[in-house]
Amino acid sequence: MSSLEKAIIIGGGISGKLAARVLSDVYKEVIILERDNELEGPAARKGAPQGEHLHALLHAGEYGLEELFPGITEKFYDSGAVKINSTIDLAWFHHGAWKIRYDGGYRTTLQTRPHLEWHIEQYIKRIPNVVIRYNQVVQDLLYYEAENRITGVQLKTGPILADLVVDASGVRSLTSNWLHNRGTPIPEEKVEINLSYVSKQYQLKVNQERDWKIKMVYPNPPQEKIGGTISSVEENRYIVTVMGYHKAINDKEVIKSDNGFLELPQFDTNISRMLTYSQDFITL
Ligand SMILES: Cc1cc2nc3c(=O)[nH]c(=O)nc-3n(C[C@H](O)[C@H](O)[C@H](O)COP(=O)(O)OP(=O)(O)OC[C@H]3O[C@@H](n4cnc5c(N)ncnc54)[C@H](O)[C@@H]3O)c2cc1C
């Protein structure tokens, strides 16, 4: 057994969970501190709001997960994830043309992000030296100036010391703020794209002419700013995501009514490409 005692991971998203799995091989104790509540099943949560939109796990990601959590891919399928042939079951409109479909020998698993994350969490919970503590907001890093070392984290309830602290707190990273506050900001270069996503789930009526499991329509910039995806996911649902660059989609307007989505094709060619047979859509 290793002499390394305790590792703390800030954030229990996908990165935090995977870091915990890897560190459990070398640390005696691994603690994930997650600010959200524990969920009883796959569901969207406040700390990972992107989970409401379409996510795809590509072949290499699936391979990596299978290595860390043997058997996880079968668990995805057992609870309804959809197995597709990546280059046959995908209809992809890109640079003004539908891509050629052929058997490339690759598989993709379609599922919602909460479904993926929930399965990973079940594996994590079975690792004896890993514990997930929910409802824990890490407020600060503890720093020992004399050794120029992070020695732990500060919670509202008090400090926790550790030999290693991993920051997996996501897009609003605690470490970036911490460095900024100490006068060492991470250099940033910004390009404004003002990209917005709006997603909704539907069931689709049976239609013999539908020859895809996932459809992607990408805008051809700079002339086109709007695109979208429809993907089959678990429980016989489809997740529909519409995206617009440079505020091309008024997301607040679209989500006002259930029909907001289905009325969109009238105003953009790419959306009408995506939502062909909109009469097939059944609102959930
Ligand atoms: C619309 C959209 C679509 C995407 N599609 C894909 C896709 O198809 N495939 C793909 O691979 N990626 C996709 N991504 C990217 C993917 O969602 C992110 O890269 C991934 O979620 C990052 O995971 P993470 O664990 O690093 O961070 P996060 O998922 O952001 O998790 C961070 C965690 O830290 C917790 N946390 C934050 N601060 C604290 C704190 N102070 N104390 C305690 N806990 C804290 C949060 O609650 C959260 O659980 C997409 C992103 C978006 C926005």
# chains A, B, ... in the order shown; residues from 1 in each chain; ligands from 1
$ residues_near_ligand --ligand "ligand 1" --cutoff "8 Å" --atoms "only C-alpha atoms and all ligand atoms" --output "PyMOL selection string"
chain A and resi 10-17+33-36+46-58+61+135-140+168-174+197
$ select_by_dssp --residues "segment 10-186 of chain A" --states "strand (DSSP E)" --output "number ranges by chain"
A: 10, 29-33, 56-57, 82-85, 90-94, 97-98, 107-110, 130-133, 138-144, 149-155, 158-161, 164-167
$ residues_around --residues "segment 105-119 of chain A" --least-positions-apart "6" --cutoff "6 Å" --atoms "only C-alpha atoms" --output "compact mmCIF listing (two decimals) with C-alpha atoms, in the first residue's frame"
# COMPACT_ATOMS: atom_id res chain seq x y z
CA PRO A 42 -30.17 10.12 -13.27
CA ALA A 43 -31.39 13.74 -13.23
CA ALA A 44 -30.16 17.19 -14.19
CA GLY A 51 -26.42 18.24 -18.47
CA HIS A 55 -23.88 15.13 -24.85
CA LEU A 58 -17.28 9.18 -28.39
CA HIS A 59 -15.42 5.92 -28.94
CA ALA A 81 -28.76 3.83 -23.65
CA VAL A 82 -28.80 3.51 -27.43
CA LYS A 83 -25.99 1.72 -29.27
CA ILE A 84 -25.38 3.05 -32.79
CA ASN A 85 -22.99 2.54 -35.64
CA SER A 86 -21.23 5.93 -35.57
CA VAL A 233 -31.47 8.73 -25.69
CA GLU A 234 -32.62 6.33 -22.97
$ residues_around --residues "Ile226 of chain A" --least-positions-apart "3" --cutoff "8 Å" --atoms "only C-alpha atoms" --output "number ranges by chain"
A: 218-219, 242-245, 248-249, 268, 270-271
$ residues_around --residues "Asn259 of chain A" --least-positions-apart "5" --cutoff "9 Å" --atoms "only C-alpha atoms" --output "NGL selection string"
:A and (254 or 264 or 283)
$ write_last_selection --atoms "C-alpha atoms" --output "tab-separated table (two decimals), in the first residue's frame"
chain	number	residue	atom	x	y	z
A	254	VAL	CA	-38.19	29.85	-27.52
A	264	LEU	CA	-38.76	27.49	-35.30
A	283	THR	CA	-44.11	16.75	-26.22
$ atom_distance --atom1 "atom CA of Thr276 of chain A" --atom2 "atom CA of Leu262 of chain A"
9.9 Å
$ closest_residue --among "A:Met216, A:Glu263, A:Leu204, A:Asn236" --to "Phe281 of chain A" --atoms "only C-alpha atoms"
A:Leu204
$ atom_distance --atom1 "atom CA of Phe69 of chain A" --atom2 "atom CA of Ile120 of chain A"
7.8 Å
$ residues_around --residues "segment 165-167 of chain A" --least-positions-apart "4" --cutoff "7 Å" --atoms "only C-alpha atoms" --output "CSV table (one decimal) with all heavy atoms, in the first residue's frame"
chain,number,residue,atom,x,y,z
A,7,ALA,N,-6.2,12.3,-0.3
A,7,ALA,CA,-6.4,13.2,-1.5
A,7,ALA,C,-7.8,13.8,-1.4
A,7,ALA,O,-8.8,13.1,-1.1
A,7,ALA,CB,-6.2,12.5,-2.8
A,8,ILE,N,-7.9,15.1,-1.7
A,8,ILE,CA,-9.2,15.7,-1.8
A,8,ILE,C,-9.5,16.2,-3.2
A,8,ILE,O,-8.6,16.7,-3.9
A,8,ILE,CB,-9.3,17.0,-0.8
A,8,ILE,CG1,-9.4,16.5,0.6
A,8,ILE,CG2,-10.4,17.9,-1.2
A,8,ILE,CD1,-9.4,17.6,1.6
A,9,ILE,N,-10.7,16.0,-3.6
A,9,ILE,CA,-11.1,16.4,-5.0
A,9,ILE,C,-12.3,17.4,-4.8
A,9,ILE,O,-13.3,17.1,-4.2
A,9,ILE,CB,-11.6,15.2,-5.9
A,9,ILE,CG1,-10.3,14.3,-6.0
A,9,ILE,CG2,-12.1,15.7,-7.2
A,9,ILE,CD1,-10.7,13.0,-6.6
A,10,ILE,N,-12.1,18.6,-5.4
A,10,ILE,CA,-13.1,19.6,-5.3
A,10,ILE,C,-14.0,19.4,-6.6
A,10,ILE,O,-13.6,19.6,-7.7
A,10,ILE,CB,-12.5,21.0,-5.3
A,10,ILE,CG1,-11.5,21.2,-4.3
A,10,ILE,CG2,-13.6,22.1,-5.2
A,10,ILE,CD1,-10.6,22.4,-4.4
A,152,GLY,N,-4.7,21.9,1.8
A,152,GLY,CA,-6.0,21.5,2.1
A,152,GLY,C,-7.1,22.4,1.6
A,152,GLY,O,-6.7,23.3,0.8
A,175,THR,N,-9.6,27.5,-8.5
A,175,THR,CA,-8.1,27.8,-8.6
A,175,THR,C,-7.9,29.0,-9.4
A,175,THR,O,-7.0,29.9,-9.0
A,175,THR,CB,-7.3,26.6,-9.2
A,175,THR,OG1,-7.7,25.4,-8.5
A,175,THR,CG2,-5.8,26.8,-9.1
$ residues_around --residues "segment 146-149 of chain A" --least-positions-apart "5" --cutoff "12 Å" --atoms "only C-alpha atoms" --output "ChimeraX atom specification"
/A:141,161-165
$ write_last_selection --atoms "N, CA, C and O atoms" --output "short mmCIF file (atom, residue, chain, number, x, y, z; two decimals), in the first residue's frame"
data_model
loop_
_atom_site.label_atom_id
_atom_site.label_comp_id
_atom_site.auth_asym_id
_atom_site.auth_seq_id
_atom_site.Cartn_x
_atom_site.Cartn_y
_atom_site.Cartn_z
N LEU A 141 -8.80 27.55 -0.87
CA LEU A 141 -7.70 26.59 -0.74
C LEU A 141 -6.85 27.01 0.46
O LEU A 141 -6.71 28.21 0.74
N LEU A 161 -7.43 19.03 5.91
CA LEU A 161 -6.06 18.95 5.40
C LEU A 161 -5.92 17.73 4.50
O LEU A 161 -6.62 16.73 4.68
N ALA A 162 -5.01 17.82 3.52
CA ALA A 162 -4.80 16.69 2.61
C ALA A 162 -3.39 16.75 2.02
O ALA A 162 -2.76 17.82 2.02
N ASP A 163 -2.91 15.59 1.54
CA ASP A 163 -1.60 15.57 0.88
C ASP A 163 -1.69 16.07 -0.55
O ASP A 163 -0.72 16.55 -1.11
N LEU A 164 -2.88 15.90 -1.14
CA LEU A 164 -3.08 16.37 -2.52
C LEU A 164 -4.48 16.96 -2.64
O LEU A 164 -5.44 16.39 -2.13
N VAL A 165 -4.58 18.10 -3.33
CA VAL A 165 -5.89 18.69 -3.62
C VAL A 165 -6.02 18.79 -5.14
O VAL A 165 -5.14 19.34 -5.80
#
$ select_by_dssp --residues "segment 18-137 of chain A" --states "helix (DSSP H, G or I)" --output "ChimeraX atom specification"
/A:18-23,49-52,59-68,72-78,113-125
$ atom_distance --atom1 "atom CA of Ala91 of chain A" --atom2 "atom CA of Trp212 of chain A"
5.9 Å
$ closest_residue --among "A:Leu90, A:Val131, A:Ile100, A:Leu179" --to "Lys28 of chain A" --atoms "only C-alpha atoms"
A:Val131
$ closest_residue --among "A:Val217, A:Tyr202, A:Glu224, A:Glu253" --to "Ser278 of chain A" --atoms "only C-alpha atoms"
A:Tyr202
$ closest_residue --among "A:Gly260, A:Pro70, A:Pro187, A:Gly227" --to "Met274 of chain A" --atoms "only C-alpha atoms"
A:Gly227
$ decode --residues "segment 131-148 of chain A" --atoms "N, CA and C atoms" --output "short mmCIF file (atom, residue, chain, number, x, y, z; two decimals), in the first residue's frame"
data_model
loop_
_atom_site.label_atom_id
_atom_site.label_comp_id
_atom_site.auth_asym_id
_atom_site.auth_seq_id
_atom_site.Cartn_x
_atom_site.Cartn_y
_atom_site.Cartn_z
N VAL A 131 -14.83 8.35 -0.79
CA VAL A 131 -16.10 8.79 -0.22
C VAL A 131 -16.53 10.08 -0.92
N ILE A 132 -17.84 10.16 -1.22
CA ILE A 132 -18.37 11.41 -1.80
C ILE A 132 -19.13 12.13 -0.69
N ARG A 133 -18.75 13.35 -0.40
CA ARG A 133 -19.49 14.16 0.57
C ARG A 133 -20.27 15.22 -0.20
N TYR A 134 -21.61 15.10 -0.13
CA TYR A 134 -22.48 16.03 -0.85
C TYR A 134 -22.75 17.28 -0.01
N ASN A 135 -23.34 18.28 -0.64
CA ASN A 135 -23.67 19.55 0.05
C ASN A 135 -22.46 20.20 0.71
N GLN A 136 -21.32 20.07 0.06
CA GLN A 136 -20.09 20.64 0.63
C GLN A 136 -19.53 21.66 -0.36
N VAL A 137 -19.61 22.92 0.01
CA VAL A 137 -19.07 23.95 -0.88
C VAL A 137 -17.66 24.31 -0.41
N VAL A 138 -16.68 24.07 -1.26
CA VAL A 138 -15.32 24.45 -0.90
C VAL A 138 -15.21 25.95 -1.11
N GLN A 139 -14.79 26.65 -0.06
CA GLN A 139 -14.75 28.12 -0.14
C GLN A 139 -13.38 28.64 -0.53
N ASP A 140 -12.34 27.89 -0.16
CA ASP A 140 -11.00 28.41 -0.41
C ASP A 140 -9.99 27.26 -0.35
N LEU A 141 -8.80 27.55 -0.87
CA LEU A 141 -7.70 26.59 -0.74
C LEU A 141 -6.85 27.01 0.46
N LEU A 142 -6.28 26.05 1.17
CA LEU A 142 -5.37 26.38 2.28
C LEU A 142 -3.95 26.37 1.73
N TYR A 143 -3.22 27.41 2.04
CA TYR A 143 -1.89 27.59 1.44
C TYR A 143 -0.84 27.78 2.52
N TYR A 144 0.26 27.00 2.42
CA TYR A 144 1.36 27.14 3.38
C TYR A 144 2.50 27.85 2.65
N GLU A 145 2.61 29.15 2.95
CA GLU A 145 3.51 30.03 2.21
C GLU A 145 4.97 29.53 2.26
N ALA A 146 5.41 29.10 3.45
CA ALA A 146 6.83 28.74 3.62
C ALA A 146 7.26 27.63 2.66
N GLU A 147 6.32 26.71 2.35
CA GLU A 147 6.67 25.61 1.44
C GLU A 147 6.02 25.79 0.06
N ASN A 148 5.34 26.90 -0.13
CA ASN A 148 4.64 27.18 -1.38
C ASN A 148 3.77 25.98 -1.80
#
